[in-house]
>>> print(open('structure18.json').read())   # JSON, C-alpha atoms
[["chain", "number", "residue", "atom", "x", "y", "z"],
["M", 187, "MET", "CA", 22.16, -10.10, 27.58],
["M", 188, "SER", "CA", 20.92, -9.83, 31.17],
["M", 189, "GLU", "CA", 17.35, -10.68, 32.15],
["M", 190, "ASP", "CA", 16.10, -7.07, 32.08],
["M", 191, "GLU", "CA", 18.22, -5.80, 29.20],
["M", 192, "LEU", "CA", 16.55, -4.55, 26.02],
["M", 193, "SER", "CA", 18.22, -4.05, 22.67],
["M", 194, "TYR", "CA", 16.75, -1.73, 20.01],
["M", 195, "THR", "CA", 17.59, -1.53, 16.31],
["M", 196, "LEU", "CA", 16.29, 1.01, 13.80],
["M", 197, "LYS", "CA", 17.20, 0.77, 10.09],
["M", 198, "PHE", "CA", 16.09, 2.40, 6.85],
["M", 199, "ASN", "CA", 16.83, 0.96, 3.42],
["M", 200, "GLU", "CA", 15.21, 1.74, 0.05],
["M", 201, "GLY", "CA", 11.78, 2.59, 1.39],
["M", 202, "ILE", "CA", 11.78, -0.07, 4.10],
["M", 203, "MET", "CA", 11.87, 0.79, 7.80],
["M", 204, "LEU", "CA", 12.91, -1.95, 10.23],
["M", 205, "PHE", "CA", 12.44, -1.42, 13.96],
["M", 206, "GLU", "CA", 13.39, -4.25, 16.33],
["M", 207, "ARG", "CA", 13.26, -4.79, 20.07],
["M", 208, "ASP", "CA", 15.14, -7.78, 21.43],
["M", 209, "SER", "CA", 15.12, -9.17, 24.95],
["M", 210, "THR", "CA", 15.66, -12.51, 26.66],
["M", 211, "ARG", "CA", 11.87, -12.95, 26.77],
["M", 212, "GLU", "CA", 10.92, -12.17, 23.16],
["M", 213, "LYS", "CA", 11.91, -10.48, 19.93],
["M", 214, "ARG", "CA", 9.60, -8.00, 18.23],
["M", 215, "ARG", "CA", 10.08, -6.38, 14.85],
["M", 216, "LEU", "CA", 8.14, -3.85, 12.81],
["M", 217, "ILE", "CA", 8.59, -3.64, 9.06],
["M", 218, "TYR", "CA", 7.11, -0.68, 7.18],
["M", 219, "ASP", "CA", 7.04, -0.72, 3.38],
["M", 220, "LYS", "CA", 6.76, 2.79, 1.98],
["M", 221, "ASP", "CA", 5.68, 1.61, -1.48],
["M", 222, "MET", "CA", 2.68, -0.33, -0.16],
["M", 223, "CYS", "CA", 1.41, 2.55, 1.97],
["M", 224, "THR", "CA", -1.50, 4.65, 0.66],
["M", 225, "GLY", "CA", -1.38, 7.34, 3.31],
["M", 226, "CYS", "CA", -4.86, 6.51, 4.60],
["M", 227, "GLY", "CA", -3.77, 7.15, 8.17],
["M", 228, "MET", "CA", -5.69, 4.31, 9.80],
["M", 229, "CYS", "CA", -2.56, 3.37, 11.71],
["M", 230, "VAL", "CA", -2.42, 6.93, 13.03],
["M", 231, "GLU", "CA", -6.02, 6.67, 14.23],
["M", 232, "ALA", "CA", -5.44, 3.31, 15.91],
["M", 233, "CYS", "CA", -2.03, 3.77, 17.56],
["M", 234, "PRO", "CA", -2.55, 3.81, 21.36],
["M", 235, "THR", "CA", 0.74, 5.63, 22.05],
["M", 236, "LYS", "CA", 0.46, 8.25, 19.28],
["M", 237, "ALA", "CA", 3.73, 6.99, 17.82],
["M", 238, "VAL", "CA", 2.56, 7.22, 14.19],
["M", 239, "SER", "CA", 2.03, 10.47, 12.32],
["M", 240, "LEU", "CA", 1.10, 11.38, 8.76],
["M", 241, "GLY", "CA", 3.47, 13.13, 6.41],
["M", 242, "PRO", "CA", 2.56, 15.71, 3.75],
["M", 243, "ILE", "CA", 0.06, 13.42, 2.02],
["M", 244, "GLY", "CA", -0.96, 15.92, -0.66],
["M", 245, "ALA", "CA", 2.63, 16.63, -1.75],
["M", 246, "ILE", "CA", 3.52, 12.92, -1.69],
["M", 247, "ASN", "CA", 0.42, 12.03, -3.67],
["M", 248, "LYS", "CA", 1.30, 14.51, -6.41],
["M", 249, "GLY", "CA", 4.93, 13.44, -6.56],
["M", 250, "PHE", "CA", 6.36, 16.63, -5.04],
["M", 251, "SER", "CA", 7.88, 14.74, -2.12],
["M", 252, "ASP", "CA", 9.36, 11.25, -1.85],
["M", 253, "VAL", "CA", 9.24, 10.95, 1.94],
["M", 254, "PRO", "CA", 7.17, 8.09, 3.44],
["M", 255, "HIS", "CA", 3.46, 8.66, 3.98],
["M", 256, "ILE", "CA", 3.90, 8.04, 7.69],
["M", 257, "SER", "CA", 6.61, 8.39, 10.28],
["M", 258, "ILE", "CA", 6.98, 6.22, 13.36],
["M", 259, "ASP", "CA", 8.48, 7.62, 16.55],
["M", 260, "ALA", "CA", 10.72, 4.84, 17.86],
["M", 261, "GLU", "CA", 10.75, 6.41, 21.32],
["M", 262, "LYS", "CA", 6.95, 6.17, 21.58],
["M", 263, "CYS", "CA", 6.38, 2.91, 19.70],
["M", 264, "VAL", "CA", 5.93, -0.14, 21.95],
["M", 265, "LEU", "CA", 5.67, -2.59, 19.02],
["M", 266, "CYS", "CA", 2.23, -3.70, 20.17],
["M", 267, "GLY", "CA", 1.18, -4.58, 16.60],
["M", 268, "ILE", "CA", -2.13, -2.71, 16.45],
["M", 269, "CYS", "CA", -0.95, -0.65, 13.48],
["M", 270, "SER", "CA", -0.13, -3.86, 11.61],
["M", 271, "ALA", "CA", -3.51, -5.45, 12.25],
["M", 272, "THR", "CA", -5.46, -2.31, 11.29],
["M", 273, "CYS", "CA", -3.51, -1.58, 8.09],
["M", 274, "LEU", "CA", -5.74, -2.50, 5.16],
["M", 275, "PHE", "CA", -2.87, -2.51, 2.70],
["M", 276, "ASN", "CA", -0.26, -4.65, 4.48],
["M", 277, "SER", "CA", 2.31, -1.86, 4.50],
["M", 278, "ILE", "CA", 3.07, -2.51, 8.18],
["M", 279, "ASN", "CA", 3.93, -5.92, 9.57],
["M", 280, "VAL", "CA", 4.69, -6.56, 13.23],
["M", 281, "GLU", "CA", 6.18, -9.91, 14.21],
["M", 282, "ILE", "CA", 6.59, -11.40, 17.66],
["M", 283, "ASP", "CA", 9.23, -14.12, 17.77],
["M", 284, "GLY", "CA", 8.98, -14.42, 14.00],
["M", 285, "LYS", "CA", 5.19, -14.76, 13.92],
["M", 286, "SER", "CA", 3.08, -11.97, 12.43],
["M", 287, "VAL", "CA", 0.19, -10.52, 14.42],
["M", 288, "ARG", "CA", -1.82, -10.40, 11.19],
["M", 289, "ASN", "CA", -4.38, -13.23, 10.96],
["M", 290, "ASN", "CA", -3.07, -14.49, 14.27],
["M", 291, "ARG", "CA", -5.82, -15.87, 16.52],
["M", 292, "ASP", "CA", -4.12, -14.46, 19.60],
["M", 293, "PHE", "CA", -4.86, -10.98, 18.33],
["M", 294, "VAL", "CA", -7.85, -9.03, 17.05],
["M", 295, "ASN", "CA", -7.92, -8.79, 13.25],
["M", 296, "TYR", "CA", -10.26, -7.67, 10.48],
["M", 297, "GLU", "CA", -12.83, -10.17, 9.33],
["M", 298, "GLY", "CA", -13.64, -9.65, 5.68],
["M", 299, "ILE", "CA", -15.21, -12.54, 3.79],
["M", 300, "HIS", "CA", -14.57, -13.37, 0.14],
["M", 301, "LEU", "CA", -16.49, -16.35, -1.24],
["M", 302, "PHE", "CA", -15.89, -17.81, -4.69],
["M", 303, "ASN", "CA", -18.31, -20.34, -6.16],
["M", 304, "GLN", "CA", -16.37, -22.29, -8.78],
["M", 305, "ASN", "CA", -19.56, -23.93, -10.05],
["M", 306, "LYS", "CA", -20.95, -20.54, -11.07],
["M", 307, "CYS", "CA", -17.76, -19.23, -12.65],
["M", 308, "SER", "CA", -17.98, -19.44, -16.42],
["M", 309, "MET", "CA", -15.82, -18.71, -19.45],
["M", 310, "LYS", "CA", -16.64, -15.94, -21.89],
["M", 311, "ASN", "CA", -16.71, -18.44, -24.72],
["M", 312, "LYS", "CA", -16.67, -22.15, -23.90],
["M", 313, "GLU", "CA", -16.17, -23.28, -27.50],
["M", 314, "LYS", "CA", -13.13, -21.08, -28.02],
["M", 315, "LEU", "CA", -11.94, -21.60, -24.43],
["M", 316, "GLU", "CA", -11.97, -17.85, -23.93],
["M", 317, "ALA", "CA", -11.53, -17.07, -20.26],
["M", 318, "CYS", "CA", -13.62, -14.62, -18.29],
["M", 319, "GLU", "CA", -11.33, -12.21, -16.48],
["M", 320, "ASP", "CA", -13.85, -9.56, -15.46],
["M", 321, "CYS", "CA", -13.09, -9.85, -11.75],
["M", 322, "MET", "CA", -9.35, -9.70, -12.37],
["M", 323, "ASN", "CA", -9.64, -6.67, -14.65],
["M", 324, "VAL", "CA", -11.58, -4.57, -12.14],
["M", 325, "CYS", "CA", -9.61, -5.48, -9.02],
["M", 326, "PRO", "CA", -7.93, -2.23, -7.94],
["M", 327, "GLN", "CA", -5.29, -4.02, -5.85],
["M", 328, "ASN", "CA", -4.36, -6.70, -8.42],
["M", 329, "ALA", "CA", -5.39, -9.29, -5.85],
["M", 330, "ILE", "CA", -7.05, -11.57, -8.42],
["M", 331, "THR", "CA", -5.16, -13.48, -11.08],
["M", 332, "PHE", "CA", -6.28, -15.85, -13.82],
["M", 333, "ALA", "CA", -5.13, -19.35, -12.88],
["M", 334, "GLY", "CA", -5.88, -20.93, -16.25],
["M", 335, "ILE", "CA", -8.55, -23.04, -17.85],
["M", 336, "LYS", "CA", -8.31, -26.48, -16.30],
["M", 337, "GLU", "CA", -9.97, -29.76, -17.09],
["M", 338, "VAL", "CA", -11.75, -31.26, -14.10],
["M", 339, "GLU", "CA", -13.70, -34.50, -14.50],
["M", 340, "GLY", "CA", -13.82, -34.00, -18.26],
["M", 341, "LYS", "CA", -15.08, -30.44, -17.97],
["M", 342, "ASN", "CA", -13.14, -27.26, -18.77],
["M", 343, "ILE", "CA", -13.45, -24.70, -16.01],
["M", 344, "ASN", "CA", -12.34, -21.11, -15.62],
["M", 345, "THR", "CA", -10.14, -20.75, -12.50],
["M", 346, "MET", "CA", -9.12, -17.66, -10.57],
["M", 347, "GLU", "CA", -6.86, -17.11, -7.59],
["M", 348, "ARG", "CA", -6.96, -14.36, -4.96],
["M", 349, "GLY", "CA", -4.04, -12.96, -3.01],
["M", 350, "GLU", "CA", -5.29, -12.49, 0.56],
["M", 351, "ASP", "CA", -2.47, -10.09, 1.38],
["M", 352, "LYS", "CA", -3.65, -7.71, -1.36],
["M", 353, "CYS", "CA", -7.44, -7.98, -1.08],
["M", 354, "VAL", "CA", -9.16, -5.07, 0.72],
["M", 355, "PHE", "CA", -12.68, -6.53, 0.35],
["M", 356, "CYS", "CA", -13.91, -3.61, -1.73],
["M", 357, "SER", "CA", -16.43, -5.84, -3.58],
["M", 358, "ALA", "CA", -15.50, -4.56, -7.06],
["M", 359, "CYS", "CA", -15.05, -8.17, -8.18],
["M", 360, "GLU", "CA", -18.50, -9.15, -6.90],
["M", 361, "ILE", "CA", -20.13, -6.31, -8.81],
["M", 362, "ALA", "CA", -18.25, -7.12, -12.02],
["M", 363, "CYS", "CA", -18.87, -10.88, -12.01],
["M", 364, "PRO", "CA", -21.49, -11.67, -14.70],
["M", 365, "THR", "CA", -22.50, -14.99, -13.11],
["M", 366, "GLU", "CA", -22.66, -13.96, -9.44],
["M", 367, "ALA", "CA", -19.89, -16.38, -8.57],
["M", 368, "ILE", "CA", -18.35, -14.02, -6.02],
["M", 369, "LYS", "CA", -19.74, -12.79, -2.71],
["M", 370, "VAL", "CA", -17.90, -10.28, -0.55],
["M", 371, "ASN", "CA", -18.68, -9.24, 3.02],
["M", 372, "LYS", "CA", -16.88, -5.94, 3.48],
["M", 373, "ILE", "CA", -14.82, -5.00, 6.50],
["M", 374, "PHE", "CA", -16.43, -1.60, 6.88],
["M", 375, "ASP", "CA", -19.83, -0.13, 6.15],
["M", 376, "GLY", "CA", -20.54, 3.56, 6.14],
["M", 377, "GLU", "CA", -20.88, 6.61, 3.96],
["M", 378, "LEU", "CA", -18.64, 9.12, 2.27],
["M", 379, "ILE", "CA", -19.99, 12.65, 2.16],
["M", 380, "VAL", "CA", -18.63, 15.31, -0.20],
["M", 381, "ASP", "CA", -19.49, 18.96, 0.34],
["M", 382, "GLN", "CA", -19.91, 19.97, -3.30],
["M", 383, "GLU", "CA", -19.90, 23.68, -2.41],
["M", 384, "THR", "CA", -16.56, 23.48, -0.61],
["M", 385, "CYS", "CA", -14.97, 21.05, -3.09],
["M", 386, "GLN", "CA", -12.57, 22.69, -5.55],
["M", 387, "GLY", "CA", -12.46, 19.76, -7.97],
["M", 388, "CYS", "CA", -8.68, 19.43, -7.59],
["M", 389, "GLY", "CA", -8.75, 15.65, -8.04],
["M", 390, "SER", "CA", -6.52, 14.80, -5.08],
["M", 391, "CYS", "CA", -9.11, 12.39, -3.71],
["M", 392, "GLU", "CA", -9.42, 10.61, -7.05],
["M", 393, "GLU", "CA", -5.64, 10.25, -7.32],
["M", 394, "ILE", "CA", -5.20, 8.74, -3.87],
["M", 395, "CYS", "CA", -8.25, 6.45, -3.73],
["M", 396, "PRO", "CA", -7.01, 2.83, -3.70],
["M", 397, "THR", "CA", -10.24, 1.38, -5.10],
["M", 398, "GLY", "CA", -11.43, 4.03, -7.55],
["M", 399, "ALA", "CA", -14.51, 4.66, -5.42],
["M", 400, "ILE", "CA", -14.22, 8.45, -5.53],
["M", 401, "TYR", "CA", -13.76, 10.22, -8.82],
["M", 402, "LEU", "CA", -14.35, 13.35, -10.88],
["M", 403, "PRO", "CA", -17.17, 12.69, -13.37],
["M", 404, "ASN", "CA", -16.86, 13.50, -17.05],
["M", 405, "TYR", "CA", -18.90, 16.26, -18.62],
["M", 406, "ASN", "CA", -20.74, 14.71, -21.55],
["M", 407, "LYS", "CA", -22.39, 17.96, -22.56],
["M", 408, "PRO", "CA", -21.16, 21.52, -21.92],
["M", 409, "TRP", "CA", -24.44, 22.57, -20.32],
["M", 410, "GLU", "CA", -24.80, 19.45, -18.21],
["M", 411, "LYS", "CA", -24.65, 20.08, -14.48],
["M", 412, "VAL", "CA", -22.86, 17.33, -12.58],
["M", 413, "SER", "CA", -21.32, 16.98, -9.15],
["M", 414, "LYS", "CA", -17.68, 17.92, -8.79],
["M", 415, "VAL", "CA", -16.99, 14.58, -7.17],
["M", 416, "GLU", "CA", -18.91, 11.31, -7.30],
["M", 417, "VAL", "CA", -18.69, 8.41, -4.86],
["M", 418, "ALA", "CA", -19.25, 4.72, -5.65],
["M", 419, "THR", "CA", -19.95, 3.59, -2.12],
["M", 420, "GLN", "CA", -20.31, -0.04, -3.24],
["M", 421, "ILE", "CA", -16.57, -0.34, -3.84],
["M", 422, "CYS", "CA", -15.32, 2.03, -1.14],
["M", 423, "CYS", "CA", -13.16, 0.32, 1.48],
["M", 424, "PHE", "CA", -13.63, 3.29, 3.85],
["M", 425, "CYS", "CA", -9.93, 3.76, 4.48],
["M", 426, "SER", "CA", -10.31, 7.58, 4.71],
["M", 427, "ALA", "CA", -7.34, 8.39, 2.44],
["M", 428, "CYS", "CA", -9.52, 10.79, 0.43],
["M", 429, "GLU", "CA", -10.67, 12.58, 3.58],
["M", 430, "LYS", "CA", -7.12, 13.11, 4.77],
["M", 431, "VAL", "CA", -5.73, 14.30, 1.44],
["M", 432, "CYS", "CA", -8.49, 16.82, 0.72],
["M", 433, "PRO", "CA", -6.90, 20.30, 1.01],
["M", 434, "VAL", "CA", -10.20, 22.06, 1.79],
["M", 435, "ASN", "CA", -11.76, 19.46, 4.13],
["M", 436, "ALA", "CA", -14.68, 18.86, 1.79],
["M", 437, "ILE", "CA", -14.85, 15.11, 2.47],
["M", 438, "THR", "CA", -16.28, 13.44, 5.56],
["M", 439, "LEU", "CA", -16.06, 9.70, 6.16],
["M", 440, "LYS", "CA", -18.51, 8.04, 8.51],
["M", 441, "ARG", "CA", -18.02, 4.36, 9.28],
["M", 442, "SER", "CA", -21.13, 2.71, 10.69],
["M", 443, "SER", "CA", -19.67, -0.73, 11.42],
["M", 444, "VAL", "CA", -16.44, -2.71, 11.41],
["M", 445, "ASN", "CA", -16.11, -6.49, 11.21],
["M", 446, "TYR", "CA", -13.29, -7.99, 13.22],
["M", 447, "THR", "CA", -12.40, -11.25, 14.93],
["M", 448, "LYS", "CA", -12.60, -11.24, 18.69],
["M", 449, "GLY", "CA", -9.26, -12.94, 19.22],
["M", 450, "GLU", "CA", -8.28, -15.08, 22.18],
["M", 451, "GLU", "CA", -8.84, -13.51, 25.58],
["M", 452, "LYS", "CA", -5.42, -12.16, 26.46],
["M", 453, "SER", "CA", -4.20, -9.31, 28.62],
["M", 454, "TRP", "CA", -3.96, -7.05, 25.56],
["M", 455, "THR", "CA", -7.30, -7.95, 23.93],
["M", 456, "LYS", "CA", -9.27, -5.08, 25.47],
["M", 457, "ALA", "CA", -6.87, -2.44, 24.10],
["M", 458, "TRP", "CA", -7.00, -4.01, 20.64],
["M", 459, "LYS", "CA", -10.79, -4.11, 20.58],
["M", 460, "LYS", "CA", -10.84, -0.47, 21.65],
["M", 461, "ALA", "CA", -8.61, 0.43, 18.69],
["M", 462, "PHE", "CA", -10.87, -1.37, 16.19],
["M", 463, "LYS", "CA", -14.03, 0.12, 17.69],
["M", 464, "SER", "CA", -12.51, 3.62, 17.46],
["M", 465, "PHE", "CA", -12.93, 3.50, 13.67],
["M", 466, "VAL", "CA", -16.72, 3.60, 14.06],
["M", 467, "GLY", "CA", -18.76, 6.60, 15.09]]
>>> encode(input="structure18.json", output="structure tokens")
Amino acid sequence: MSEDELSYTLKFNEGIMLFERDSTREKRRLIYDKDMCTGCGMCVEACPTKAVSLGPIGAINKGFSDVPHISIDAEKCVLCGICSATCLFNSINVEIDGKSVRNNRDFVNYEGIHLFNQNKCSMKNKEKLEACEDCMNVCPQNAITFAGIKEVEGKNINTMERGEDKCVFCSACEIACPTEAIKVNKIFDGELIVDQETCQGCGSCEEICPTGAIYLPNYNKPWEKVSKVEVATQICCFCSACEKVCPVNAITLKRSSVNYTKGEEKSWTKAWKKAFKSFVG
């Protein structure tokens, strides 16, 4: 391979897209996992070259189509990695010379904080050694698992583990914890507005929501007047999947802030910060 020569590879296999660019200077690869994608479209919003586009989200969500939620135009994609860093659900991973841009200090990344105080975590029943699994049971991404009851310094303690690659910092675990052992600083703050007059109550937003933050309430009494759609803002990760899937545009997402690391000052840092800031406003 000569000094200026570039080699491109594009492969599809069982829901996985692999796009590679190889040169004498570096090797970049993008891996997209269809099954992990929610169709939120944040990668579409962030892409500086408009190489990513959304598919028929409504049809995919209802099982009428099995195409990927997004498509990536290989002719436009420069493998910069912004889509990978802004994907809340780890469905896109961009590597440079084998090293992912995600959680890489050279690049801008989300900064969500999940704190677990082991001293506050308690079992449901200490005498029967019955574990408390409230945080695990409510986690919408299955990011929390029960790690067992362990004896530490003669004391039995309830232990939990969290998968960082799955956590979207929705704070459902914090709300569910009966002993306030968990504290979550969310990535986004904002509000989700539903136009109840326009809403048709189709349930598409409820079906696609990755955290269960938007839902159709139950009618307890026939004469009871309730909203067509309710929003639990406390556990919303503000991904905008509900907004994009709504067939009548009844949902508006407004992000008021985004927490992200500044990254090392590199030639590309300004463009990355611009992409993260574009989510707000």
>>> residues_near_point(input="structure18.json", point="(-20.5, -22.0, -18.0)", cutoff="7 Å", atoms="only C-alpha atoms", output="ChimeraX atom specification")
/M:307-309
>>> write_last_selection(input="structure18.json", atoms="C-alpha atoms", output="JSON list (two decimals), in the coordinates of the input")
[["chain", "number", "residue", "atom", "x", "y", "z"],
["M", 307, "CYS", "CA", -17.76, -19.23, -12.65],
["M", 308, "SER", "CA", -17.98, -19.44, -16.42],
["M", 309, "MET", "CA", -15.82, -18.71, -19.45]]
>>> residues_around(input="structure18.json", residues="Phe205 of chain M", least_positions_apart="4", cutoff="9 Å", atoms="all atoms listed in the file", output="PDB file with C-alpha atoms, in the coordinates of the input")
ATOM      1  CA  TYR M 194      16.750  -1.730  20.010  1.00  0.00           C
ATOM      2  CA  THR M 195      17.590  -1.530  16.310  1.00  0.00           C
ATOM      3  CA  LEU M 196      16.290   1.010  13.800  1.00  0.00           C
ATOM      4  CA  LYS M 197      17.200   0.770  10.090  1.00  0.00           C
ATOM      5  CA  PHE M 198      16.090   2.400   6.850  1.00  0.00           C
ATOM      6  CA  ARG M 214       9.600  -8.000  18.230  1.00  0.00           C
ATOM      7  CA  ARG M 215      10.080  -6.380  14.850  1.00  0.00           C
ATOM      8  CA  LEU M 216       8.140  -3.850  12.810  1.00  0.00           C
ATOM      9  CA  ILE M 217       8.590  -3.640   9.060  1.00  0.00           C
ATOM     10  CA  TYR M 218       7.110  -0.680   7.180  1.00  0.00           C
ATOM     11  CA  ALA M 260      10.720   4.840  17.860  1.00  0.00           C
ATOM     12  CA  LEU M 265       5.670  -2.590  19.020  1.00  0.00           C
TER      13      LEU M 265
END
>>> residues_around(input="structure18.json", residues="Lys430 of chain M", least_positions_apart="6", cutoff="9 Å", atoms="all atoms listed in the file", output="number ranges by chain")
M: 225-227, 243-244, 391, 437
>>> closest_residue(input="structure18.json", among="M:Leu378, M:Gln304, M:Lys456, M:Pro364", to="Val338 of chain M", atoms="all atoms listed in the file")
M:Gln304
>>> residues_around(input="structure18.json", residues="Ala271 of chain M", least_positions_apart="4", cutoff="9 Å", atoms="only C-alpha atoms", output="list in words")
Cys229, Gly267, Asn276, Ile278, Asn279, Val280, Val287, Arg288, Asn289, Phe293, Val294, Asn295 and Tyr296 of chain M
>>> closest_residue(input="structure18.json", among="M:Arg348, M:Lys262, M:Lys310, M:Lys440", to="Lys236 of chain M", atoms="only C-alpha atoms")
M:Lys262
>>> closest_residue(input="structure18.json", among="M:Leu204, M:Val434, M:Cys385, M:Val370", to="Ile299 of chain M", atoms="all atoms listed in the file")
M:Val370
>>> atom_distance(input="structure18.json", atom1="atom CA of Ser286 of chain M", atom2="atom CA of Cys223 of chain M")
18.0 Å
